[in-house]
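This is data_3.tsv (TSV, C-alpha atoms).
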```
chain	number	residue	atom	x	y	z
T	1	MET	CA	0.00	0.00	0.00
T	2	LYS	CA	1.17	3.55	-0.74
T	3	SER	CA	2.93	5.47	2.02
T	4	LYS	CA	1.17	8.52	3.48
T	5	ASN	CA	2.60	11.46	5.37
T	6	ILE	CA	2.09	11.94	9.11
T	7	LYS	CA	1.58	15.64	8.41
T	8	ASP	CA	-1.70	14.80	6.62
T	9	LEU	CA	-3.21	13.83	9.99
T	10	ASP	CA	-4.99	16.07	12.47
T	11	PRO	CA	-2.48	17.92	14.74
T	12	GLU	CA	-3.14	15.74	17.81
T	13	SER	CA	-2.64	12.45	15.95
T	14	SER	CA	0.34	13.80	14.04
T	15	LYS	CA	2.04	14.84	17.29
T	16	ALA	CA	1.31	11.45	18.89
T	17	LEU	CA	2.78	9.53	15.92
T	18	SER	CA	5.89	11.72	15.86
T	19	TYR	CA	6.45	10.97	19.55
T	20	PHE	CA	5.81	7.26	18.93
T	21	LYS	CA	8.51	7.32	16.24
T	22	LEU	CA	10.99	8.77	18.73
T	23	TRP	CA	9.96	6.17	21.31
T	24	MET	CA	10.56	3.26	18.88
T	25	GLU	CA	13.96	4.68	17.89
T	26	GLU	CA	14.91	5.04	21.56
T	27	LYS	CA	13.94	1.40	22.15
T	28	ARG	CA	16.19	0.47	19.18
T	29	TYR	CA	13.51	-0.98	16.93
T	30	SER	CA	14.96	-1.63	13.49
T	31	ASP	CA	14.62	1.07	10.81
T	32	GLU	CA	12.40	-1.28	8.81
T	33	THR	CA	10.04	-1.86	11.77
T	34	VAL	CA	9.81	1.87	12.49
T	35	LYS	CA	9.00	2.61	8.85
T	36	ASN	CA	6.41	-0.19	8.55
T	37	TYR	CA	4.63	0.62	11.83
T	38	LEU	CA	4.41	4.32	11.01
T	39	ASN	CA	3.04	3.54	7.56
T	40	HIS	CA	0.43	1.15	9.00
T	41	LEU	CA	-0.69	3.66	11.63
T	42	THR	CA	-0.77	6.63	9.26
T	43	LEU	CA	-3.02	4.75	6.83
T	44	PHE	CA	-5.28	3.61	9.67
T	45	LEU	CA	-5.62	7.06	11.23
T	46	LEU	CA	-6.09	8.80	7.87
T	47	HIS	CA	-9.01	6.47	7.17
T	48	TYR	CA	-10.91	8.03	10.08
T	49	GLN	CA	-9.93	11.67	9.67
T	50	PRO	CA	-10.80	14.18	11.01
T	51	ARG	CA	-11.30	12.06	14.17
T	52	SER	CA	-8.34	12.02	16.55
T	53	TYR	CA	-6.58	8.76	17.44
T	54	LYS	CA	-7.99	9.18	20.97
T	55	GLU	CA	-11.55	8.76	19.69
T	56	LEU	CA	-11.00	5.41	17.95
T	57	GLN	CA	-12.13	2.08	19.40
T	58	VAL	CA	-11.51	-1.61	18.74
T	59	GLU	CA	-14.57	-1.68	16.50
T	60	ASP	CA	-12.96	0.97	14.28
T	61	ALA	CA	-9.82	-1.15	13.93
T	62	GLU	CA	-11.90	-4.22	13.08
T	63	ARG	CA	-13.94	-2.31	10.46
T	64	TYR	CA	-10.72	-0.97	8.93
T	65	ASN	CA	-9.20	-4.45	8.76
T	66	HIS	CA	-12.32	-5.83	7.15
T	67	SER	CA	-12.77	-3.13	4.51
T	68	GLU	CA	-9.18	-2.12	3.71
T	69	ILE	CA	-7.26	-5.37	4.24
T	70	ILE	CA	-9.58	-8.36	3.94
T	71	GLY	CA	-11.80	-6.49	1.47
T	72	LYS	CA	-8.81	-5.71	-0.74
T	73	ASN	CA	-7.42	-9.24	-0.43
T	74	LEU	CA	-4.19	-8.21	1.29
T	75	SER	CA	-2.13	-10.85	3.07
T	76	VAL	CA	-2.55	-12.22	6.57
T	77	SER	CA	0.99	-11.08	7.38
T	78	TYR	CA	0.07	-7.53	6.37
T	79	GLN	CA	-2.98	-7.66	8.62
T	80	ARG	CA	-0.91	-9.00	11.52
T	81	GLY	CA	1.54	-6.13	10.99
T	82	MET	CA	-1.30	-3.62	11.09
T	83	VAL	CA	-2.75	-5.03	14.30
T	84	GLY	CA	0.72	-5.22	15.84
T	85	ALA	CA	1.35	-1.55	15.03
T	86	ILE	CA	-1.98	-0.47	16.53
T	87	LYS	CA	-1.43	-2.53	19.70
T	88	LEU	CA	2.06	-1.14	20.28
T	89	PHE	CA	1.06	2.46	19.53
T	90	TYR	CA	-1.97	2.43	21.83
T	91	SER	CA	-0.08	0.58	24.58
T	92	GLN	CA	2.18	3.64	24.77
T	93	SER	CA	-0.66	6.17	24.58
T	94	SER	CA	-2.71	7.58	27.43
T	95	ASP	CA	-6.27	8.87	27.60
T	96	THR	CA	-7.57	6.62	24.81
T	97	ILE	CA	-10.59	4.31	24.63
T	98	MET	CA	-8.90	1.55	22.59
T	99	ASP	CA	-9.39	-1.71	24.54
T	100	LEU	CA	-6.27	-3.64	23.50
T	101	ASP	CA	-7.41	-6.85	25.20
T	102	LYS	CA	-10.20	-7.11	22.62
T	103	LEU	CA	-7.94	-6.43	19.64
T	104	GLN	CA	-6.77	-9.79	18.29
T	105	ARG	CA	-4.28	-10.67	15.59
T	106	PRO	CA	-5.50	-13.03	12.85
T	107	PHE	CA	-4.21	-16.60	12.82
T	108	LYS	CA	-0.78	-16.85	11.29
T	109	GLU	CA	-0.56	-18.63	7.95
T	110	LYS	CA	1.55	-21.77	8.04
T	111	ARG	CA	3.09	-21.93	4.60
T	112	LEU	CA	6.15	-24.02	3.88
T	113	PRO	CA	9.02	-22.07	2.33
T	114	GLU	CA	10.03	-22.67	-1.28
T	115	VAL	CA	13.31	-24.57	-1.54
T	116	LEU	CA	15.69	-25.06	-4.46
T	117	SER	CA	17.49	-28.32	-5.13
T	118	LYS	CA	21.29	-28.38	-5.16
T	119	GLU	CA	21.10	-28.85	-8.93
T	120	GLU	CA	19.00	-25.68	-9.28
T	121	ILE	CA	21.43	-23.74	-7.08
T	122	GLN	CA	24.27	-25.01	-9.30
T	123	ARG	CA	22.47	-23.80	-12.43
T	124	ILE	CA	21.83	-20.34	-10.99
T	125	LEU	CA	25.40	-19.81	-9.81
T	126	GLY	CA	26.77	-21.26	-13.06
T	127	ALA	CA	24.68	-18.79	-15.07
T	128	ALA	CA	26.19	-15.79	-13.24
T	129	SER	CA	28.89	-14.34	-15.51
T	130	ASN	CA	29.38	-11.22	-13.37
T	131	ILE	CA	31.85	-12.06	-10.58
T	132	LYS	CA	30.18	-9.73	-8.05
T	133	HIS	CA	26.81	-11.36	-8.65
T	134	LYS	CA	28.26	-14.85	-8.34
T	135	ALA	CA	30.14	-13.97	-5.13
T	136	LEU	CA	27.06	-12.33	-3.59
T	137	LEU	CA	24.66	-15.23	-4.27
T	138	SER	CA	27.28	-17.85	-3.40
T	139	LEU	CA	27.86	-16.20	-0.03
T	140	ILE	CA	24.13	-16.06	0.78
T	141	TYR	CA	23.76	-19.77	0.00
T	142	SER	CA	27.07	-20.78	1.59
T	143	CYS	CA	26.23	-19.17	4.95
T	144	GLY	CA	22.43	-18.90	4.95
T	145	LEU	CA	22.58	-15.16	5.54
T	146	ARG	CA	19.69	-12.74	5.29
T	147	ILE	CA	20.06	-10.16	2.53
T	148	GLY	CA	20.18	-7.38	5.14
T	149	GLU	CA	23.12	-9.13	6.77
T	150	ILE	CA	24.90	-9.47	3.43
T	151	ILE	CA	24.62	-5.81	2.42
T	152	SER	CA	25.67	-4.68	5.91
T	153	LEU	CA	28.73	-6.95	5.83
T	154	LYS	CA	32.06	-5.14	5.93
T	155	ILE	CA	35.41	-6.44	4.74
T	156	LYS	CA	36.74	-6.36	8.31
T	157	HIS	CA	34.02	-8.83	9.36
T	158	LEU	CA	35.68	-11.66	7.40
T	159	ASP	CA	38.04	-13.72	9.55
T	160	LYS	CA	40.10	-15.27	6.77
T	161	GLU	CA	42.39	-17.14	9.19
T	162	HIS	CA	39.55	-19.13	10.76
T	163	GLY	CA	37.11	-19.10	7.83
T	164	LEU	CA	34.43	-17.25	9.79
T	165	ILE	CA	32.14	-14.30	9.15
T	166	HIS	CA	31.18	-12.01	12.02
T	167	VAL	CA	27.52	-11.09	11.54
T	168	VAL	CA	27.11	-7.86	13.51
T	169	GLN	CA	23.86	-6.68	15.10
T	170	ALA	CA	21.60	-8.83	12.94
T	171	LYS	CA	17.88	-9.38	13.50
T	172	GLY	CA	17.11	-9.10	17.20
T	173	LYS	CA	20.27	-6.98	17.70
T	174	LYS	CA	22.38	-10.13	17.98
T	175	ASP	CA	25.92	-10.91	16.85
T	176	ARG	CA	26.94	-14.36	15.64
T	177	TYR	CA	29.71	-16.13	13.76
T	178	VAL	CA	29.08	-18.34	10.72
T	179	PRO	CA	31.62	-20.42	8.78
T	180	TYR	CA	32.02	-19.97	5.04
T	181	SER	CA	32.96	-22.62	2.52
T	182	GLU	CA	36.55	-23.30	1.50
T	183	LYS	CA	35.34	-23.19	-2.10
T	184	LEU	CA	34.22	-19.61	-1.51
T	185	ARG	CA	37.69	-18.32	-0.64
T	186	PRO	CA	39.16	-18.14	-4.20
T	187	LEU	CA	35.89	-16.69	-5.53
T	188	LEU	CA	35.85	-13.93	-2.90
T	189	ARG	CA	39.55	-13.26	-3.51
T	190	SER	CA	39.00	-12.92	-7.27
T	191	TYR	CA	35.96	-10.71	-6.67
T	192	TYR	CA	37.91	-8.48	-4.29
T	193	GLU	CA	40.79	-8.08	-6.74
T	194	ALA	CA	38.41	-7.30	-9.61
T	195	CYS	CA	36.04	-4.88	-7.85
T	196	LYS	CA	38.20	-3.52	-5.00
T	197	PRO	CA	35.41	-2.69	-2.50
T	198	ARG	CA	36.52	-0.12	0.08
T	199	GLU	CA	34.48	-0.73	3.25
T	200	HIS	CA	31.45	-2.95	2.65
T	201	LEU	CA	32.14	-6.30	1.05
T	202	PHE	CA	29.50	-5.59	-1.60
T	203	GLU	CA	29.14	-1.99	-2.69
T	204	GLY	CA	27.06	-0.11	-5.21
T	205	GLN	CA	28.35	1.45	-8.41
T	206	TYR	CA	28.97	4.77	-6.67
T	207	GLY	CA	30.05	3.43	-3.29
T	208	GLY	CA	28.06	2.63	-0.16
T	209	PRO	CA	26.47	-0.75	0.52
T	210	TYR	CA	24.85	-2.69	-2.32
T	211	THR	CA	21.06	-2.41	-2.31
T	212	GLU	CA	18.60	-5.21	-1.62
T	213	ARG	CA	16.67	-4.23	-4.74
T	214	SER	CA	19.76	-4.66	-6.95
T	215	ALA	CA	20.53	-8.06	-5.44
T	216	ALA	CA	16.92	-9.20	-5.89
T	217	LYS	CA	16.97	-8.13	-9.56
T	218	VAL	CA	20.20	-10.07	-10.14
T	219	LEU	CA	18.65	-13.27	-8.80
T	220	GLU	CA	15.38	-12.71	-10.66
T	221	ASN	CA	17.23	-12.41	-13.98
T	222	LEU	CA	19.32	-15.53	-13.35
T	223	VAL	CA	16.31	-17.62	-12.33
T	224	SER	CA	14.54	-16.55	-15.54
T	225	LYS	CA	17.67	-17.31	-17.57
T	226	CYS	CA	17.81	-20.83	-16.09
T	227	GLY	CA	14.13	-21.48	-16.81
T	228	ILE	CA	13.32	-22.22	-13.17
T	229	ARG	CA	9.60	-21.75	-12.60
T	230	LYS	CA	9.58	-21.73	-8.79
T	231	ARG	CA	8.94	-18.45	-6.97
T	232	VAL	CA	12.53	-17.69	-5.97
T	233	THR	CA	13.66	-14.81	-3.75
T	234	LEU	CA	16.94	-14.06	-2.00
T	235	HIS	CA	15.46	-15.64	1.13
T	236	THR	CA	14.92	-18.85	-0.86
T	237	LEU	CA	18.71	-19.29	-0.88
T	238	ARG	CA	18.69	-19.12	2.94
T	239	HIS	CA	15.84	-21.66	3.12
T	240	SER	CA	17.74	-23.93	0.72
T	241	PHE	CA	20.93	-23.66	2.80
T	242	ALA	CA	19.09	-24.78	5.96
T	243	THR	CA	17.22	-27.60	4.20
T	244	HIS	CA	20.34	-28.97	2.54
T	245	LEU	CA	22.21	-28.94	5.87
T	246	LEU	CA	19.37	-30.87	7.49
T	247	GLU	CA	19.33	-33.41	4.66
T	248	SER	CA	23.08	-33.96	5.07
T	249	GLY	CA	22.58	-34.83	8.74
T	250	THR	CA	23.48	-31.56	10.49
T	251	ASP	CA	21.93	-31.28	13.96
T	252	ILE	CA	18.94	-28.91	14.03
T	253	ARG	CA	20.48	-27.04	16.99
T	254	TYR	CA	23.54	-26.10	14.92
T	255	ILE	CA	21.31	-24.97	12.07
T	256	GLN	CA	19.40	-22.78	14.54
T	257	GLU	CA	22.66	-21.15	15.64
T	258	LEU	CA	23.86	-20.59	12.07
T	259	LEU	CA	20.56	-18.99	11.04
T	260	GLY	CA	20.42	-16.80	14.16
T	261	HIS	CA	16.98	-18.04	15.23
T	262	ASN	CA	15.89	-17.27	18.80
T	263	SER	CA	13.69	-20.33	19.08
T	264	PRO	CA	14.19	-23.89	17.79
T	265	LYS	CA	10.51	-23.79	16.79
T	266	THR	CA	11.42	-21.39	13.97
T	267	THR	CA	14.12	-23.73	12.70
T	268	MET	CA	11.90	-26.81	12.96
T	269	ILE	CA	10.01	-25.75	9.84
T	270	TYR	CA	12.88	-27.21	7.81
T	271	THR	CA	12.02	-30.67	9.06
T	272	HIS	CA	8.75	-30.25	7.13
T	273	VAL	CA	10.30	-29.11	3.86
T	274	SER	CA	13.05	-31.71	3.63
T	275	SER	CA	11.63	-33.99	0.93
T	276	LYS	CA	14.56	-36.42	1.20
T	277	LYS	CA	13.92	-37.00	4.90
T	278	ILE	CA	10.22	-37.50	4.28
T	279	ALA	CA	10.82	-39.83	1.34
T	280	ALA	CA	13.16	-41.94	3.48
T	281	ILE	CA	10.45	-42.74	6.04
T	282	LYS	CA	9.44	-46.38	5.85
T	283	SER	CA	5.73	-47.10	5.77
T	284	PRO	CA	4.47	-49.82	8.18
T	285	LEU	CA	2.80	-51.36	5.13
T	286	ASP	CA	6.27	-52.34	3.89
T	287	ASP	CA	6.43	-54.99	6.63
T	288	LEU	CA	3.23	-56.70	5.49
T	289	GLU	CA	2.47	-59.24	2.80
T	290	ILE	CA	-0.33	-57.95	0.58
```
Show the structure stored in the file as structure tokens.
Amino acid sequence: MKSKNIKDLDPESSKALSYFKLWMEEKRYSDETVKNYLNHLTLFLLHYQPRSYKELQVEDAERYNHSEIIGKNLSVSYQRGMVGAIKLFYSQSSDTIMDLDKLQRPFKEKRLPEVLSKEEIQRILGAASNIKHKALLSLIYSCGLRIGEIISLKIKHLDKEHGLIHVVQAKGKKDRYVPYSEKLRPLLRSYYEACKPREHLFEGQYGGPYTERSAAKVLENLVSKCGIRKRVTLHTLRHSFATHLLESGTDIRYIQELLGHNSPKTTMIYTHVSSKKIAAIKSPLDDLEI
């Protein structure tokens, strides 16, 4: 949905949202969360202008969700984000009539992530003629990193002696170390010598970190070139990394650590997408004579 400006709101609501922005920044919410929550809340409050945010009730939030989200066939995750933004905003507001105990998030969709086979990964990387593109995608798959972690990665974060990457202040404001493949070393060395990045490992044409949009476009073009019809995103490489580790016998607890998941429940989804593990299960019927 299109972003709206806080200044389009009534003065009282505009002032409250501006303060809420400062509060989220003080609590060290990520830039992406701050942006998304403010966008959600601005759209919600604009819908009921000129009424102030203090006048809105749970019923107003439910009507908005039904007409503007469900009615327009937007995703469950978008709706959960909207409700989350409203709940956090009103939990920090005083003198309102919004009963947060009655405001419920919709059930979370349980969709299995798309995963590429090793053969498909090989085709994609083999189709990359640009050394920066090959190094970028190879590193994502080799380490299972999020794209935000990749574009934030600095040259100094590579521990070449021990073959480790220091992922700094990733999701949840956590640091972690991940190993990178021996096969990646000569590729990264050749990339470095060819492109000579200054600070970030992957930089844009005019300096500064490479953009997520550019990386996504690179992968989109390669997937099309290879004739792969799956819905592939940069995160698909991360999903594929985790699934392939599980299929090779890596303990789920180590995979959790490598991915930077807080809970093993998040990592357990890969036990459901590993087709090799499922196919290897023996049916009790195999022990019968029929």
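Distance annotation: of T:Lys196, T:Lys87, T:Lys72, T:Arg253, the residue with the minimal separation from T:Ile155 is T:Lys196; atom set is only C-alpha atoms.
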- Message: Counting all atoms listed in the file, which residues have an atom no more than 8 Å from (3.7, 6.1, 18.5) in the file's coordinates? Please list them as a ChimeraX atom specification.
- Response: /T:16-24,38,88-90,92-93
Computed gap from atom CA of T:Thr96 to atom CA of T:Lys15 is 14.7 Å
Inset, instruction - In the coordinate frame of the file, compute which residues have an atom within 10 Å of (16.7, -2.2, 16.7) when using only C-alpha atoms, and state them as JSON, numbers by chain. - result: {"T": [24, 25, 26, 27, 28, 29, 30, 31, 32, 33, 34, 169, 170, 171, 172, 173, 174]}
Hey, what's within 8 Å of T:Tyr37 if we count only C-alpha atoms and toss same-chain stuff fewer than 6 positions away? As number ranges by chain, please? T: 81-82, 85
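Candidate residues T:Pro106, T:Pro197, T:Pro179, T:Pro264 were compared for distance to T:His162, and the nearest is T:Pro179, using only C-alpha atoms.
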Which neighbours of T:Thr266 fall inside 12 Å, counting all atoms listed in the file, when residues of the same chain fewer than 3 positions from it are skipped, and could you give them as a list in words?
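So, after excluding close chain neighbours, the residues are Lys110, Leu112, Pro113, His239, Ala242, Ile252, Arg253, Ile255, Gln256, Glu257, Leu259, Gly260, His261, Asn262, Ser263, Ile269, Tyr270, Thr271 and His272 of chain T.
Using all atoms listed in the file, the shortest contact distance between T:Val168 and any of T:Asp99, T:Thr267, T:Glu149, T:Lys183 is found at T:Glu149.
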I'd like the contact shell of T:Ser13 - 8 Å cut-off, only C-alpha atoms, skipping same-chain residues fewer than 3 positions apart - returned as a ChimeraX atom specification. /T:9-10,16-17,45,52-53
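Comparing T:Arg231, T:Leu246, T:Gln49, T:Leu41 by their smallest distance to T:Pro11, the closest is T:Gln49 (using all atoms listed in the file).
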